[in-house]
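Q: Please find structure39.csv (CSV, C-alpha atoms and all ligand atoms) on the next line:
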```csv
chain,number,residue,atom,x,y,z
G,1,MET,CA,154.0,22.3,40.8
G,2,LEU,CA,157.0,20.8,39.3
G,3,THR,CA,157.1,20.8,35.5
G,4,ARG,CA,160.0,19.4,33.6
G,5,GLY,CA,162.3,20.0,36.5
G,6,ARG,CA,161.2,23.6,37.1
G,7,TRP,CA,158.8,25.0,39.6
G,8,THR,CA,156.0,27.0,38.0
G,9,TRP,CA,152.6,28.4,39.0
G,10,GLN,CA,151.2,27.0,35.8
G,11,PRO,CA,148.4,24.6,36.2
G,12,ARG,CA,149.1,21.3,34.4
G,13,LEU,CA,148.3,21.9,30.8
G,14,ASN,CA,148.7,19.5,27.9
G,15,VAL,CA,150.8,22.0,26.1
G,16,PRO,CA,154.5,21.7,25.2
G,17,ALA,CA,156.5,24.1,27.3
G,18,ASP,CA,157.9,26.0,24.3
G,19,ILE,CA,154.5,27.1,23.1
G,20,CYS,CA,153.7,30.5,24.6
G,21,LEU,CA,150.0,31.0,25.4
G,22,PRO,CA,148.9,34.5,25.0
G,23,ALA,CA,147.6,36.1,28.2
G,24,VAL,CA,144.0,36.7,27.4
G,25,LEU,CA,142.2,39.0,29.7
G,26,CYS,CA,138.7,40.3,29.2
G,27,PRO,CA,138.2,44.0,29.3
G,28,ALA,CA,136.8,43.9,32.9
G,29,CYS,CA,139.8,42.0,34.1
G,30,GLN,CA,142.1,44.4,32.3
G,31,ARG,CA,140.6,47.4,34.0
G,32,ILE,CA,140.9,45.6,37.4
G,33,ARG,CA,144.5,44.6,36.7
G,34,ASP,CA,145.4,48.2,35.6
G,35,LYS,CA,143.2,49.8,38.3
G,36,ASP,CA,141.7,51.8,35.5
G,37,PRO,CA,138.0,52.2,36.2
G,38,HIS,CA,135.5,53.2,33.6
G,39,HIS,CA,133.7,55.2,36.2
G,40,LEU,CA,134.8,56.4,39.6
G,41,LEU,CA,132.6,57.1,42.6
G,42,ARG,CA,134.4,59.3,45.0
G,43,VAL,CA,132.8,59.9,48.4
G,44,GLU,CA,134.1,62.7,50.7
G,45,GLY,CA,133.5,63.0,54.4
G,46,ALA,CA,132.6,59.3,55.1
G,47,SER,CA,133.5,58.0,58.6
G,48,ALA,CA,135.1,54.7,59.0
G,49,ALA,CA,131.7,53.0,59.7
G,50,GLN,CA,130.1,54.8,56.7
G,51,GLU,CA,133.0,53.7,54.5
G,52,LYS,CA,132.5,50.1,55.6
G,53,ALA,CA,128.7,50.3,54.9
G,54,LEU,CA,129.4,51.9,51.6
G,55,ARG,CA,131.9,49.2,50.5
G,56,ALA,CA,129.5,46.4,51.7
G,57,LEU,CA,126.7,48.0,49.6
G,58,ALA,CA,129.0,48.2,46.6
G,59,ARG,CA,129.8,44.5,46.9
G,60,ARG,CA,126.1,43.6,47.1
G,61,VAL,CA,125.3,45.7,44.1
G,62,GLU,CA,128.3,44.2,42.2
G,63,ARG,CA,127.0,40.7,43.0
G,64,ALA,CA,123.5,41.5,41.7
G,65,GLU,CA,124.8,43.3,38.6
G,66,SER,CA,127.5,40.8,37.6
G,67,ALA,CA,125.0,37.9,37.7
G,68,THR,CA,123.5,39.3,34.5
G,69,HIS,CA,126.4,41.5,33.3
G,70,PRO,CA,129.7,39.6,34.0
G,71,GLN,CA,131.6,42.6,32.6
G,72,GLU,CA,130.3,44.9,35.3
G,73,ARG,CA,132.6,44.6,38.3
G,74,LEU,CA,134.3,46.7,41.0
G,75,VAL,CA,137.8,48.0,40.4
G,76,PRO,CA,139.9,48.5,43.6
G,77,VAL,CA,141.4,52.0,43.6
G,78,GLU,CA,143.0,54.1,46.1
G,79,GLY,CA,141.1,57.1,47.5
G,80,ASP,CA,142.8,60.5,47.9
G,81,ASP,CA,142.5,63.2,50.5
G,82,GLY,CA,140.5,60.9,52.8
G,83,ALA,CA,137.9,60.3,50.1
G,84,VAL,CA,136.5,56.8,49.5
G,85,ALA,CA,137.0,55.8,45.9
G,86,ILE,CA,135.1,53.0,44.3
G,87,GLY,CA,135.8,52.2,40.7
G,88,THR,CA,133.6,50.2,38.3
G,89,THR,CA,134.4,48.5,35.0
G,90,GLY,CA,131.3,49.8,33.3
G,91,PRO,CA,128.5,52.3,33.3
G,92,HIS,CA,125.7,50.0,34.4
G,93,LEU,CA,127.3,49.1,37.8
G,94,ALA,CA,128.2,52.8,38.3
G,95,ARG,CA,124.5,53.8,37.8
G,96,ARG,CA,123.1,51.1,39.9
G,97,LEU,CA,125.6,51.8,42.7
G,98,LEU,CA,124.8,55.5,42.6
G,99,SER,CA,121.1,54.9,42.8
G,100,ALA,CA,121.5,52.4,45.6
G,101,VAL,CA,123.6,54.9,47.6
G,102,ARG,CA,121.0,57.6,47.1
G,103,ARG,CA,118.2,55.3,48.1
G,104,THR,CA,120.1,54.1,51.2
G,105,TRP,CA,121.4,57.4,52.4
G,106,LYS,CA,119.1,59.9,50.8
G,107,ARG,CA,119.5,62.6,53.4
G,108,GLU,CA,123.1,62.0,54.2
G,109,VAL,CA,124.8,61.7,50.8
G,110,VAL,CA,124.7,64.5,48.3
G,111,VAL,CA,125.9,64.5,44.7
G,112,VAL,CA,128.5,67.2,44.2
G,113,ARG,CA,129.0,66.6,40.6
G,114,THR,CA,128.8,63.8,38.0
G,115,ASN,CA,130.0,63.3,34.5
G,116,ASP,CA,130.8,60.3,32.3
G,117,VAL,CA,133.9,59.3,34.1
G,118,GLU,CA,133.4,60.4,37.7
G,119,THR,CA,130.7,61.0,40.3
G,120,ARG,CA,131.6,63.0,43.4
G,121,LEU,CA,129.5,62.6,46.5
G,122,ARG,CA,129.7,64.1,49.9
G,123,TRP,CA,128.6,62.6,53.1
G,124,GLN,CA,127.0,65.4,55.0
G,125,THR,CA,127.9,65.7,58.6
G,126,THR,CA,124.8,64.4,60.3
G,127,LYS,CA,123.5,66.4,63.2
G,128,ALA,CA,124.1,64.6,66.5
G,129,PRO,CA,120.9,63.7,68.4
G,130,ARG,CA,119.7,66.7,70.3
G,131,ALA,CA,122.3,67.6,72.8
G,132,ARG,CA,121.3,68.0,76.4
T,201,ZN,ZN,137.8,38.6,32.9
```
Let me see the structure of the file written as structure tokens.
Ligand SMILES: [Zn+2]

A:
Amino acid sequence: MLTRGRWTWQPRLNVPADICLPAVLCPACQRIRDKDPHHLLRVEGASAAQEKALRALARRVERAESATHPQERLVPVEGDDGAVAIGTTGPHLARRLLSAVRRTWKREVVVVRTNDVETRLRWQTTKAPRAR
């Protein structure tokens, strides 16, 4: 929009242009902006299809959790070494996500180790149906 002869991304606010509004971000938005998760779920060995299913599950759990806890959200982070990384802004979402993963793929996904800041999981190579 055009404000006082300058193009800006600012929505039209009834504030004089020389008053600087502080950028207020809640802690969850800060973590998302900084890609600084409270807890990181790291899953090794997932195929592309398994990664897709995992991310879809994460979004469903996030929707359910953030309905009652708006501060519990997913943090987009880069994986490393082919692992899928899913960050969360808080501990509740991390716990719910972990239990949903274990419920959904109880035979396929094993917990390698877990602590306050990170949980490492591994997708077991599932045996192919009996070869003939
Ligand atoms: Zn926020």

Q: To one decimal in Å, tell me the separation between CA of Cys26 (chain G) and atom ZN of ligand ZN 201 (chain T).

A: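 Pair CA of Cys26 (chain G) / atom ZN of ligand ZN 201 (chain T) returns 4.2 Å.
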
Q: Would you list the contacts of Asp81 (chain G) as JSON, numbers by chain, taking every protein, DNA or RNA residue within 12 Å and counting all atoms listed in the file, but skipping same-chain residues closer than 6 positions in sequence?

A: {"G": [42, 43, 44, 45, 46]}

Q: Show me, as JSON, numbers by chain, the residues that have an atom within 12 Å of Gln124 (chain G) when counting all atoms listed in the file, minus same-chain residues fewer than 2 positions from it.

A: {"G": [43, 44, 45, 46, 47, 50, 105, 106, 107, 108, 109, 110, 111, 112, 121, 122, 126, 127, 128]}

Q: Here is a test: counting only C-alpha atoms and all ligand atoms, which residue of G:Leu74, G:Ala48, G:Leu41, G:Ala56 is nearest to ligand ZN 201 (chain T)?

A: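 Ranking G:Leu74, G:Ala48, G:Leu41, G:Ala56 by distance to ligand ZN 201 (chain T), first place goes to G:Leu74.
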
Q: Do you have the CA of Leu93 (chain G)-CA of Glu72 (chain G) distance handy?

A: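 So the two atoms, CA of Leu93 (chain G) and CA of Glu72 (chain G), lie 5.7 Å apart.
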
Q: How many Å lie between CA of Glu118 (chain G) and CA of Arg63 (chain G), rounded to one decimal?

A: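 Distance between the two atoms: 21.4 Å.
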
Q: What do you get as an mmCIF file with C-alpha atoms, keeping the file's coordinate frame if you pick all residues at most 8 Å from ligand ZN 201 (chain T), counting all atoms listed in the file?

A:
```
data_model
loop_
_atom_site.group_PDB
_atom_site.id
_atom_site.type_symbol
_atom_site.label_atom_id
_atom_site.label_comp_id
_atom_site.auth_asym_id
_atom_site.auth_seq_id
_atom_site.Cartn_x
_atom_site.Cartn_y
_atom_site.Cartn_z
ATOM 1 C CA LEU G 25 142.200 39.000 29.700
ATOM 2 C CA CYS G 26 138.700 40.300 29.200
ATOM 3 C CA PRO G 27 138.200 44.000 29.300
ATOM 4 C CA ALA G 28 136.800 43.900 32.900
ATOM 5 C CA CYS G 29 139.800 42.000 34.100
ATOM 6 C CA GLN G 30 142.100 44.400 32.300
ATOM 7 C CA GLN G 71 131.600 42.600 32.600
#
```

Q: Got a sec: who's within 12 Å of Lys52 (chain G), counting all atoms listed in the file, leaving out chain neighbours fewer than 6 positions off, as a VMD selection string?

A: chain G and resid 46 58 to 59 84 86

Q: Got time to write the residues from that selection, C-alpha atoms, as a JSON list (two decimals), in the coordinates of the input?

A:
```
[["chain", "number", "residue", "atom", "x", "y", "z"],
["G", 46, "ALA", "CA", 132.60, 59.30, 55.10],
["G", 58, "ALA", "CA", 129.00, 48.20, 46.60],
["G", 59, "ARG", "CA", 129.80, 44.50, 46.90],
["G", 84, "VAL", "CA", 136.50, 56.80, 49.50],
["G", 86, "ILE", "CA", 135.10, 53.00, 44.30]]
```
